[in-house]
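Content type mmCIF, C-alpha atoms, from the file data-v7.cif:
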data_work
#
loop_
_atom_site.group_PDB
_atom_site.id
_atom_site.type_symbol
_atom_site.label_atom_id
_atom_site.label_comp_id
_atom_site.auth_asym_id
_atom_site.auth_seq_id
_atom_site.Cartn_x
_atom_site.Cartn_y
_atom_site.Cartn_z
ATOM 1 C CA MET A 1 104.396 102.952 104.765
ATOM 2 C CA PRO A 2 101.024 102.110 103.222
ATOM 3 C CA GLY A 3 100.102 98.497 102.800
ATOM 4 C CA GLY A 4 102.291 97.033 105.540
ATOM 5 C CA ASP A 5 105.728 97.577 106.929
ATOM 6 C CA VAL A 6 108.682 97.060 104.678
ATOM 7 C CA THR A 7 112.120 97.889 105.913
ATOM 8 C CA TRP A 8 114.724 98.461 103.318
ATOM 9 C CA GLN A 9 117.984 100.166 102.748
ATOM 10 C CA ILE A 10 118.823 102.267 99.765
ATOM 11 C CA ALA A 11 122.101 101.327 98.125
ATOM 12 C CA LEU A 12 123.591 104.299 96.377
ATOM 13 C CA GLY A 13 125.616 103.439 93.302
ATOM 14 C CA GLY A 14 127.612 100.229 93.531
ATOM 15 C CA SER A 15 128.436 97.978 90.638
ATOM 16 C CA GLY A 16 125.397 95.743 91.245
ATOM 17 C CA VAL A 17 122.815 98.347 90.364
ATOM 18 C CA GLY A 18 125.118 99.948 87.775
ATOM 19 C CA ASP A 19 125.236 96.761 85.720
ATOM 20 C CA PHE A 20 121.484 96.977 85.385
ATOM 21 C CA SER A 21 121.430 100.597 84.304
ATOM 22 C CA GLU A 22 120.360 99.823 80.746
ATOM 23 C CA LEU A 23 117.772 97.304 81.804
ATOM 24 C CA ILE A 24 116.049 99.269 84.514
ATOM 25 C CA PRO A 25 114.185 101.794 82.349
ATOM 26 C CA ARG A 26 112.921 99.004 80.097
ATOM 27 C CA VAL A 27 111.752 96.944 83.076
ATOM 28 C CA VAL A 28 109.996 100.023 84.453
ATOM 29 C CA GLU A 29 108.318 100.582 81.095
ATOM 30 C CA ALA A 30 107.234 96.942 80.906
ATOM 31 C CA THR A 31 105.791 97.064 84.426
ATOM 32 C CA VAL A 32 103.839 100.252 83.736
ATOM 33 C CA GLU A 33 102.533 98.752 80.488
ATOM 34 C CA ILE A 34 101.230 95.636 82.235
ATOM 35 C CA PHE A 35 99.521 97.619 84.965
ATOM 36 C CA THR A 36 97.992 100.136 82.606
ATOM 37 C CA GLY A 37 96.952 97.613 79.991
ATOM 38 C CA MET A 38 96.033 94.492 81.968
ATOM 39 C CA VAL A 39 95.394 95.534 85.558
ATOM 40 C CA MET A 40 93.867 98.918 84.642
ATOM 41 C CA MET A 41 95.852 100.601 87.380
ATOM 42 C CA GLU A 42 97.995 103.732 87.169
ATOM 43 C CA ILE A 43 101.429 103.193 88.652
ATOM 44 C CA GLU A 44 104.739 104.994 88.628
ATOM 45 C CA GLN A 45 108.284 104.332 89.752
ATOM 46 C CA ASP A 46 108.627 105.508 93.338
ATOM 47 C CA GLY A 47 112.256 106.381 93.987
ATOM 48 C CA GLU A 48 115.657 105.062 93.042
ATOM 49 C CA PRO A 49 116.356 101.345 92.540
ATOM 50 C CA PHE A 50 118.194 99.672 95.406
ATOM 51 C CA GLN A 51 119.614 96.325 96.426
ATOM 52 C CA GLU A 52 118.291 94.924 99.670
ATOM 53 C CA LEU A 53 114.596 94.510 100.367
ATOM 54 C CA GLY A 54 114.550 93.346 103.968
ATOM 55 C CA THR A 55 111.583 91.687 105.626
ATOM 56 C CA LEU A 56 108.092 91.855 104.152
ATOM 57 C CA GLU A 57 105.023 91.738 106.371
ATOM 58 C CA ASN A 58 101.546 90.678 105.329
ATOM 59 C CA GLY A 59 102.527 90.376 101.730
ATOM 60 C CA ILE A 60 102.510 88.102 98.737
ATOM 61 C CA THR A 61 105.212 87.689 96.136
ATOM 62 C CA GLY A 62 104.900 86.322 92.624
ATOM 63 C CA MET A 63 108.074 84.948 91.106
ATOM 64 C CA VAL A 64 109.339 83.320 87.953
ATOM 65 C CA GLY A 65 112.736 81.790 87.222
ATOM 66 C CA LEU A 66 114.903 82.637 84.240
ATOM 67 C CA ALA A 67 116.967 79.855 82.691
ATOM 68 C CA GLY A 68 119.089 79.461 79.599
ATOM 69 C CA THR A 69 122.170 81.440 78.628
ATOM 70 C CA HIS A 70 121.791 83.551 81.782
ATOM 71 C CA LYS A 71 120.165 82.341 84.990
ATOM 72 C CA GLY A 72 118.071 84.548 87.198
ATOM 73 C CA MET A 73 114.821 85.303 88.904
ATOM 74 C CA LEU A 74 112.118 87.939 88.686
ATOM 75 C CA ALA A 75 109.866 88.652 91.652
ATOM 76 C CA VAL A 76 107.056 91.117 92.273
ATOM 77 C CA HIS A 77 106.413 91.819 95.959
ATOM 78 C CA PHE A 78 102.989 93.172 96.983
ATOM 79 C CA PRO A 79 101.434 94.104 100.304
ATOM 80 C CA ASN A 80 98.223 92.072 100.816
ATOM 81 C CA GLU A 81 95.879 95.013 100.311
ATOM 82 C CA LEU A 82 97.367 95.909 96.975
ATOM 83 C CA ALA A 83 97.381 92.273 95.839
ATOM 84 C CA MET A 84 93.665 92.068 96.639
ATOM 85 C CA ALA A 85 92.964 95.356 94.828
ATOM 86 C CA ILE A 86 94.806 94.039 91.765
ATOM 87 C CA THR A 87 92.809 90.812 91.855
ATOM 88 C CA THR A 88 89.538 92.725 92.230
ATOM 89 C CA SER A 89 90.503 94.749 89.179
ATOM 90 C CA PHE A 90 91.312 91.574 87.178
ATOM 91 C CA LEU A 91 88.152 89.726 88.196
ATOM 92 C CA GLY A 92 85.730 92.608 88.374
ATOM 93 C CA MET A 93 84.550 91.510 91.818
ATOM 94 C CA GLU A 94 85.547 92.078 95.448
ATOM 95 C CA VAL A 95 88.142 89.764 96.958
ATOM 96 C CA GLU A 96 88.472 89.218 100.683
ATOM 97 C CA GLY A 97 91.707 87.738 101.921
ATOM 98 C CA ILE A 98 94.587 86.116 100.102
ATOM 99 C CA ASN A 99 92.767 83.285 98.356
ATOM 100 C CA GLU A 100 93.471 81.215 95.245
ATOM 101 C CA ASP A 101 92.286 84.018 92.956
ATOM 102 C CA VAL A 102 94.842 86.392 94.484
ATOM 103 C CA GLN A 103 97.580 83.767 94.183
ATOM 104 C CA ASP A 104 96.699 83.195 90.541
ATOM 105 C CA ALA A 105 96.596 86.944 89.800
ATOM 106 C CA VAL A 106 99.937 87.637 91.457
ATOM 107 C CA GLY A 107 101.534 84.668 89.706
ATOM 108 C CA GLU A 108 100.117 85.874 86.414
ATOM 109 C CA ILE A 109 101.624 89.336 86.892
ATOM 110 C CA ALA A 110 105.023 87.770 87.545
ATOM 111 C CA ASN A 111 104.533 85.612 84.465
ATOM 112 C CA MET A 112 103.601 88.544 82.205
ATOM 113 C CA LEU A 113 106.432 90.704 83.462
ATOM 114 C CA GLY A 114 108.748 87.723 83.044
ATOM 115 C CA GLY A 115 107.626 87.484 79.433
ATOM 116 C CA ASN A 116 108.421 91.159 78.865
ATOM 117 C CA VAL A 117 111.813 90.812 80.556
ATOM 118 C CA LYS A 118 112.518 87.793 78.370
ATOM 119 C CA THR A 119 111.859 89.962 75.289
ATOM 120 C CA ILE A 120 114.093 92.727 76.629
ATOM 121 C CA LEU A 121 116.895 90.215 77.217
ATOM 122 C CA THR A 122 116.395 88.564 73.828
ATOM 123 C CA ASP A 123 117.040 92.002 72.295
ATOM 124 C CA ARG A 124 120.350 91.903 74.153
ATOM 125 C CA GLY A 125 121.185 88.554 72.564
ATOM 126 C CA TYR A 126 120.372 86.431 75.629
ATOM 127 C CA ASP A 127 118.451 83.164 75.155
ATOM 128 C CA ILE A 128 116.133 82.876 78.148
ATOM 129 C CA GLN A 129 113.285 80.539 79.044
ATOM 130 C CA LEU A 130 110.831 81.143 81.863
ATOM 131 C CA SER A 131 109.977 78.635 84.556
ATOM 132 C CA LEU A 132 106.489 78.260 85.974
ATOM 133 C CA PRO A 133 105.396 81.180 88.151
ATOM 134 C CA SER A 134 104.719 80.612 91.839
ATOM 135 C CA THR A 135 103.817 82.721 94.835
ATOM 136 C CA ILE A 136 105.078 83.058 98.375
ATOM 137 C CA SER A 137 103.034 84.736 101.072
ATOM 138 C CA GLY A 138 103.003 85.118 104.812
ATOM 139 C CA GLU A 139 102.755 87.288 107.869
ATOM 140 C CA GLU A 140 106.473 87.847 107.753
ATOM 141 C CA TYR A 141 109.057 86.646 105.253
ATOM 142 C CA THR A 142 112.440 87.602 103.915
ATOM 143 C CA PHE A 143 113.780 86.824 100.477
ATOM 144 C CA LEU A 144 117.402 85.760 100.591
ATOM 145 C CA PRO A 145 118.534 85.719 97.009
ATOM 146 C CA ASP A 146 121.646 84.067 95.618
ATOM 147 C CA ASN A 147 124.585 86.204 96.758
ATOM 148 C CA GLU A 148 126.574 85.584 93.651
ATOM 149 C CA LEU A 149 124.251 87.325 91.271
ATOM 150 C CA ASP A 150 123.615 90.984 90.642
ATOM 151 C CA GLN A 151 120.227 92.078 91.874
ATOM 152 C CA VAL A 152 118.146 95.218 91.674
ATOM 153 C CA ILE A 153 114.871 96.203 93.299
ATOM 154 C CA ILE A 154 112.655 98.857 91.737
ATOM 155 C CA PRO A 155 109.949 100.494 93.877
ATOM 156 C CA PHE A 156 106.578 101.447 92.410
ATOM 157 C CA ARG A 157 103.634 103.358 93.792
ATOM 158 C CA ALA A 158 100.081 102.166 93.026
ATOM 159 C CA PRO A 159 96.841 103.742 94.284
ATOM 160 C CA SER A 160 96.600 101.404 97.281
ATOM 161 C CA GLY A 161 100.193 100.692 98.146
ATOM 162 C CA THR A 162 103.833 100.434 97.210
ATOM 163 C CA PHE A 163 105.208 97.345 95.509
ATOM 164 C CA PHE A 164 108.607 96.172 94.356
ATOM 165 C CA VAL A 165 109.941 94.492 91.231
ATOM 166 C CA GLU A 166 113.080 92.474 91.963
ATOM 167 C CA LEU A 167 115.379 91.145 89.263
ATOM 168 C CA GLU A 168 118.394 88.930 89.739
ATOM 169 C CA LEU A 169 120.413 88.001 86.718
ATOM 170 C CA GLU A 170 123.698 86.523 85.589
ATOM 171 C CA GLN A 171 125.127 89.096 83.223
ATOM 172 C CA MET B 1 104.376 59.590 81.212
ATOM 173 C CA PRO B 2 107.675 59.868 83.086
ATOM 174 C CA ALA B 3 107.729 58.856 86.743
ATOM 175 C CA ILE B 4 108.449 62.323 88.024
ATOM 176 C CA GLU B 5 107.634 61.618 91.663
ATOM 177 C CA LYS B 6 110.091 58.739 91.569
ATOM 178 C CA TYR B 7 112.760 60.938 89.996
ATOM 179 C CA ILE B 8 112.412 63.427 92.837
ATOM 180 C CA ILE B 9 112.532 60.717 95.493
ATOM 181 C CA ASP B 10 115.548 59.055 93.888
ATOM 182 C CA ALA B 11 117.416 62.340 93.416
ATOM 183 C CA THR B 12 116.804 63.255 97.054
ATOM 184 C CA LEU B 13 117.788 59.847 98.418
ATOM 185 C CA ASP B 14 120.958 59.883 96.279
ATOM 186 C CA LEU B 15 121.879 63.339 97.444
ATOM 187 C CA PHE B 16 121.376 62.533 101.098
ATOM 188 C CA ALA B 17 123.251 59.244 100.837
ATOM 189 C CA THR B 18 126.289 60.831 99.220
ATOM 190 C CA MET B 19 126.497 64.381 100.507
ATOM 191 C CA VAL B 20 124.341 64.925 103.565
ATOM 192 C CA PHE B 21 124.768 61.719 105.572
ATOM 193 C CA LEU B 22 121.383 61.907 107.200
ATOM 194 C CA ASP B 23 118.908 59.064 107.130
ATOM 195 C CA ILE B 24 115.763 60.097 105.351
ATOM 196 C CA SER B 25 112.612 58.209 104.574
ATOM 197 C CA PRO B 26 110.130 59.323 101.903
ATOM 198 C CA GLN B 27 106.439 59.333 102.791
ATOM 199 C CA GLU B 28 103.342 59.140 100.605
ATOM 200 C CA PRO B 29 103.144 62.088 98.201
ATOM 201 C CA LEU B 30 100.649 64.817 99.104
ATOM 202 C CA VAL B 31 98.615 65.797 96.065
ATOM 203 C CA GLY B 32 95.767 67.997 97.250
ATOM 204 C CA ARG B 33 95.818 71.656 96.191
ATOM 205 C CA ASP B 34 95.545 72.737 99.810
ATOM 206 C CA ASP B 35 98.217 70.349 101.070
ATOM 207 C CA THR B 36 101.199 72.120 102.574
ATOM 208 C CA ILE B 37 104.246 71.395 104.665
ATOM 209 C CA ASP B 38 105.109 73.704 107.563
ATOM 210 C CA SER B 39 108.127 75.719 106.658
ATOM 211 C CA SER B 40 110.368 78.329 108.182
ATOM 212 C CA LEU B 41 112.916 78.131 105.402
ATOM 213 C CA THR B 42 111.943 77.379 101.821
ATOM 214 C CA SER B 43 114.330 77.285 98.923
ATOM 215 C CA MET B 44 112.814 77.381 95.442
ATOM 216 C CA ILE B 45 114.304 76.901 92.002
ATOM 217 C CA GLY B 46 112.588 77.227 88.634
ATOM 218 C CA LEU B 47 112.867 74.800 85.750
ATOM 219 C CA ALA B 48 112.300 75.822 82.136
ATOM 220 C CA GLY B 49 112.149 73.960 78.850
ATOM 221 C CA ASP B 50 110.148 70.901 77.795
ATOM 222 C CA LEU B 51 109.086 70.709 81.434
ATOM 223 C CA LYS B 52 108.326 74.040 83.106
ATOM 224 C CA GLY B 53 108.205 73.914 86.853
ATOM 225 C CA VAL B 54 109.209 75.069 90.294
ATOM 226 C CA LEU B 55 110.890 72.835 92.847
ATOM 227 C CA ALA B 56 110.777 73.877 96.484
ATOM 228 C CA VAL B 57 112.516 72.448 99.554
ATOM 229 C CA HIS B 58 110.403 73.250 102.626
ATOM 230 C CA CYS B 59 112.076 73.002 106.039
ATOM 231 C CA PRO B 60 110.763 73.696 109.494
ATOM 232 C CA GLY B 61 113.495 75.247 111.642
ATOM 233 C CA PRO B 62 114.894 72.111 113.298
ATOM 234 C CA ALA B 63 115.028 70.223 110.006
ATOM 235 C CA ALA B 64 116.881 73.108 108.320
ATOM 236 C CA LEU B 65 119.444 73.124 111.119
ATOM 237 C CA GLY B 66 119.761 69.345 111.105
ATOM 238 C CA ILE B 67 120.181 69.052 107.341
ATOM 239 C CA ALA B 68 122.654 71.939 107.123
ATOM 240 C CA GLY B 69 124.577 70.567 110.070
ATOM 241 C CA ALA B 70 124.818 67.116 108.526
ATOM 242 C CA MET B 71 125.878 68.606 105.207
ATOM 243 C CA LEU B 72 128.463 70.962 106.637
ATOM 244 C CA GLY B 73 129.746 68.628 109.325
ATOM 245 C CA MET B 74 129.099 71.085 112.134
ATOM 246 C CA GLU B 75 126.457 71.969 114.686
ATOM 247 C CA CYS B 76 124.055 74.644 113.433
ATOM 248 C CA SER B 77 122.140 76.421 116.159
ATOM 249 C CA GLU B 78 120.511 79.217 114.201
ATOM 250 C CA ILE B 79 119.430 79.838 110.641
ATOM 251 C CA ASP B 80 122.363 81.828 109.287
ATOM 252 C CA ASP B 81 123.921 82.240 105.845
ATOM 253 C CA ASP B 82 125.522 78.780 105.992
ATOM 254 C CA VAL B 83 122.165 77.117 106.670
ATOM 255 C CA LYS B 84 120.450 79.165 104.010
ATOM 256 C CA ASP B 85 123.137 78.322 101.450
ATOM 257 C CA ALA B 86 122.979 74.638 102.378
ATOM 258 C CA ILE B 87 119.222 74.410 101.778
ATOM 259 C CA GLY B 88 119.616 76.379 98.538
ATOM 260 C CA GLU B 89 122.217 73.849 97.477
ATOM 261 C CA ILE B 90 119.821 70.978 98.280
ATOM 262 C CA ALA B 91 117.193 72.571 96.021
ATOM 263 C CA ASN B 92 119.776 73.076 93.289
ATOM 264 C CA MET B 93 121.013 69.489 93.455
ATOM 265 C CA VAL B 94 117.628 67.776 93.655
ATOM 266 C CA ALA B 95 116.527 69.890 90.674
ATOM 267 C CA GLY B 96 119.741 68.876 88.939
ATOM 268 C CA GLY B 97 118.964 65.227 89.612
ATOM 269 C CA LEU B 98 115.487 65.697 88.157
ATOM 270 C CA LYS B 99 116.982 67.416 85.116
ATOM 271 C CA SER B 100 119.310 64.446 84.485
ATOM 272 C CA ALA B 101 116.538 61.897 84.899
ATOM 273 C CA LEU B 102 114.296 63.822 82.503
ATOM 274 C CA ALA B 103 117.136 64.168 79.971
ATOM 275 C CA ALA B 104 117.303 60.375 79.844
ATOM 276 C CA ASP B 105 113.626 60.541 78.773
ATOM 277 C CA SER B 106 114.538 63.148 76.120
ATOM 278 C CA ILE B 107 112.793 65.821 78.177
ATOM 279 C CA LYS B 108 115.104 68.828 78.186
ATOM 280 C CA THR B 109 115.038 71.351 81.038
ATOM 281 C CA ASP B 110 117.299 74.108 82.316
ATOM 282 C CA LEU B 111 117.570 75.305 85.886
ATOM 283 C CA ALA B 112 117.166 78.881 87.078
ATOM 284 C CA ILE B 113 118.725 79.856 90.436
ATOM 285 C CA PRO B 114 117.671 78.938 93.978
ATOM 286 C CA THR B 115 115.943 81.629 95.994
ATOM 287 C CA THR B 116 115.586 81.082 99.710
ATOM 288 C CA VAL B 117 112.746 82.544 101.769
ATOM 289 C CA LEU B 118 112.859 82.752 105.550
ATOM 290 C CA GLY B 119 109.658 83.377 107.399
ATOM 291 C CA LYS B 120 106.961 82.572 109.882
ATOM 292 C CA GLN B 121 104.371 80.319 108.265
ATOM 293 C CA VAL B 122 105.448 80.916 104.704
ATOM 294 C CA ARG B 123 102.952 79.595 102.188
ATOM 295 C CA THR B 124 103.736 78.815 98.592
ATOM 296 C CA SER B 125 101.255 78.189 95.850
ATOM 297 C CA GLY B 126 101.215 77.432 92.200
ATOM 298 C CA GLN B 127 98.815 78.257 89.476
ATOM 299 C CA ALA B 128 95.593 76.551 88.565
ATOM 300 C CA GLY B 129 95.956 73.713 86.078
ATOM 301 C CA VAL B 130 99.477 72.604 86.936
ATOM 302 C CA GLN B 131 100.527 69.256 88.318
ATOM 303 C CA ARG B 132 101.707 69.534 91.892
ATOM 304 C CA PHE B 133 102.862 67.170 94.615
ATOM 305 C CA ILE B 134 104.837 67.297 97.850
ATOM 306 C CA ILE B 135 107.024 64.430 99.018
ATOM 307 C CA PRO B 136 107.464 64.542 102.793
ATOM 308 C CA PHE B 137 110.694 63.058 104.137
ATOM 309 C CA VAL B 138 111.198 61.970 107.729
ATOM 310 C CA THR B 139 114.652 62.557 109.232
ATOM 311 C CA PRO B 140 116.075 62.355 112.748
ATOM 312 C CA ALA B 141 115.967 66.183 112.747
ATOM 313 C CA GLY B 142 112.303 66.335 111.825
ATOM 314 C CA GLU B 143 110.265 66.274 108.656
ATOM 315 C CA PHE B 144 110.940 68.305 105.531
ATOM 316 C CA GLY B 145 109.227 68.322 102.152
ATOM 317 C CA ILE B 146 110.131 68.593 98.505
ATOM 318 C CA GLU B 147 107.422 70.130 96.370
ATOM 319 C CA LEU B 148 107.279 70.130 92.601
ATOM 320 C CA GLN B 149 104.804 72.025 90.460
ATOM 321 C CA TYR B 150 105.099 71.436 86.748
ATOM 322 C CA VAL B 151 103.625 71.481 83.292
ATOM 323 C CA LEU B 152 104.887 69.055 80.683
ATOM 324 C CA GLY B 153 105.039 69.846 76.977
#
What does this structure look like when you write it as structure tokens?
Amino acid sequence: MPGGDVTWQIALGGSGVGDFSELIPRVVEATVEIFTGMVMMEIEQDGEPFQELGTLENGITGMVGLAGTHKGMLAVHFPNELAMAITTSFLGMEVEGINEDVQDAVGEIANMLGGNVKTILTDRGYDIQLSLPSTISGEEYTFLPDNELDQVIIPFRAPSGTFFVELELEQ
Amino acid sequence: MPAIEKYIIDATLDLFATMVFLDISPQEPLVGRDDTIDSSLTSMIGLAGDLKGVLAVHCPGPAALGIAGAMLGMECSEIDDDVKDAIGEIANMVAGGLKSALAADSIKTDLAIPTTVLGKQVRTSGQAGVQRFIIPFVTPAGEFGIELQYVLG
């Protein structure tokens, strides 16, 4: 798989993903909008949403917490190469390695997407506030989200790699 | 300016005295942007409201096993779901303690949910322009750290 190895399993159906069925297209739309408008990168959804991401290698994840009437978390998982390409696009200059600029860019993407998701949920009557964004990165890491919440992972293809948007939410 | 470092230290000491039964000793806060604590298991929870932030509990392997073991009252020999849940619960409860302390200062925050990350040399970072500190704690099972990044107002 381009951009580093990601092992994952596709969950077909199941109530977890089903509960998100209304939200998913709007989250996809919001993600595409951010990449087209702010990152200047063409992206598209790359396959069906699923539920378990597995271990990420040589990647960086931006995440933001959702609090208020419904608790949750939004994360965007990038392979290093794609994260650097995104940062280069934001800054207009080459980036080498996962440095502070890349961390800030990835956190900012999570923050912007979090803002869009907040709007989508407000339309549903939820009252949500966002936490501060943060990033996690490493040679090898596995996200182990809260088992009690529904979660969905949406794959996207960008020019230099595949990335994933992960949403966990009390519904 | 509320004493946020103190709130974190107090919440952690309280938690460990009442629910984890492990002696812990806070060390000088680390405040440099490049300061980190080695971690194999990190549990993070967001805070939103008058204070926006992220609290993270960073544990090297032995500390994660020691803390979970002390909390659960059993020997933990590998990082499994029980250990992961235990560290997530620590993050949740320290954040809860911070929330209560801030509420007494009329600073209202809500908690998101803990997310636990397992990895080799996991690094976390915040954004430019936010306050950030890490409180290391020494325990018989090794050192762990509680990190808070936040913006007030």
Inset, instruction - Go ahead and compute the interatomic distance for atom CA of Glu140 of chain A and atom CA of Leu118 of chain B, in Å to one decimal. - result: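 Atom CA of Leu118 of chain B lies at a distance of 8.5 Å from atom CA of Glu140 of chain A.
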Legend entry - Pick from A:Leu82, A:Val117, A:Met112, A:Ala67 nearest to chain B, counting all atoms listed in the file: A:Ala67
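Counting from atom CA of Phe21 of chain B, the distance to atom CA of Ile8 of chain B is 17.8 Å.
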Legend entry - Atom-to-atom span, atom CA of Gln45 of chain A and atom CA of Val95 of chain A, Å: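 Taking atom CA of Gln45 of chain A as the start and atom CA of Val95 of chain A as the end point, the length is 25.9 Å.
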Inset, instruction - Write out as an MDAnalysis selection string which residues come within 9 Å of Leu132 of chain A when counting only C-alpha atoms, dropping same-chain ones fewer than 6 positions away. - result: (chainID A and resid 63:65 107 111) or (chainID B and resid 46:48 52:54 126:127 149:151)
Legend entry - Residues near Met19 of chain B, cut-off 10 Å, all atoms listed in the file, skip fewer than 6 positions along chain, as a list of chain:residue names: B:Ala70, B:Met71, B:Leu72, B:Ile90
Inset, instruction - Identify every residue of chain B that has at least one atom within 10 Å of any atom of chain A, counting only C-alpha atoms, and report the result as an NGL selection string. - result: :B and (33-34 or 40-49 or 51-55 or 81 or 84-85 or 88 or 109-128 or 130 or 149-151)
Inset, instruction - Apply the PyMOL selection byres ((chain B and resi 6) around 12) to the displayed file and report the matching residues as a list in words. - result: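 Applying the PyMOL selection byres ((chain B and resi 6) around 12) to the structure shown produces Met1, Pro2, Ala3, Ile4, Glu5, Tyr7, Ile8, Ile9, Asp10, Ala11, Thr12, Leu13, Asp14, Pro26, Gln27, Glu28, Pro29, Val94, Gly97, Leu98, Ala101, Leu102, Phe133, Ile134, Ile135 and Leu148 of chain B.
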Keeping only C-alpha atoms, write the selected residues to a file as a CSV table (one decimal), in the frame of the given file.
chain,number,residue,atom,x,y,z
B,1,MET,CA,104.4,59.6,81.2
B,2,PRO,CA,107.7,59.9,83.1
B,3,ALA,CA,107.7,58.9,86.7
B,4,ILE,CA,108.4,62.3,88.0
B,5,GLU,CA,107.6,61.6,91.7
B,7,TYR,CA,112.8,60.9,90.0
B,8,ILE,CA,112.4,63.4,92.8
B,9,ILE,CA,112.5,60.7,95.5
B,10,ASP,CA,115.5,59.1,93.9
B,11,ALA,CA,117.4,62.3,93.4
B,12,THR,CA,116.8,63.3,97.1
B,13,LEU,CA,117.8,59.8,98.4
B,14,ASP,CA,121.0,59.9,96.3
B,26,PRO,CA,110.1,59.3,101.9
B,27,GLN,CA,106.4,59.3,102.8
B,28,GLU,CA,103.3,59.1,100.6
B,29,PRO,CA,103.1,62.1,98.2
B,94,VAL,CA,117.6,67.8,93.7
B,97,GLY,CA,119.0,65.2,89.6
B,98,LEU,CA,115.5,65.7,88.2
B,101,ALA,CA,116.5,61.9,84.9
B,102,LEU,CA,114.3,63.8,82.5
B,133,PHE,CA,102.9,67.2,94.6
B,134,ILE,CA,104.8,67.3,97.8
B,135,ILE,CA,107.0,64.4,99.0
B,148,LEU,CA,107.3,70.1,92.6
Legend entry - Shell of 7 Å around segment 27-40 of chain A, all atoms listed in the file, local chain residues under 6 positions omitted, as a ChimeraX atom specification: /A:86,89-90,113,116-117
Legend entry - Using all atoms listed in the file: which of A:Ile43, A:Leu53, A:Val102, A:Ile154 has the shortest distance to Leu23 of chain A: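 Residue with the minimum atom-to-atom distance to Leu23 of chain A: A:Ile154.
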Edge lengths and centre, in Å to one decimal, as AutoDock Vina command-line options: that's what I need for the box along x, y and z that holds all listed atoms of segment 51-70 of chain A plus 3 Å on each side.
--center_x 111.9 --center_y 87.9 --center_z 92.5 --size_x 26.6 --size_y 22.9 --size_z 33.7
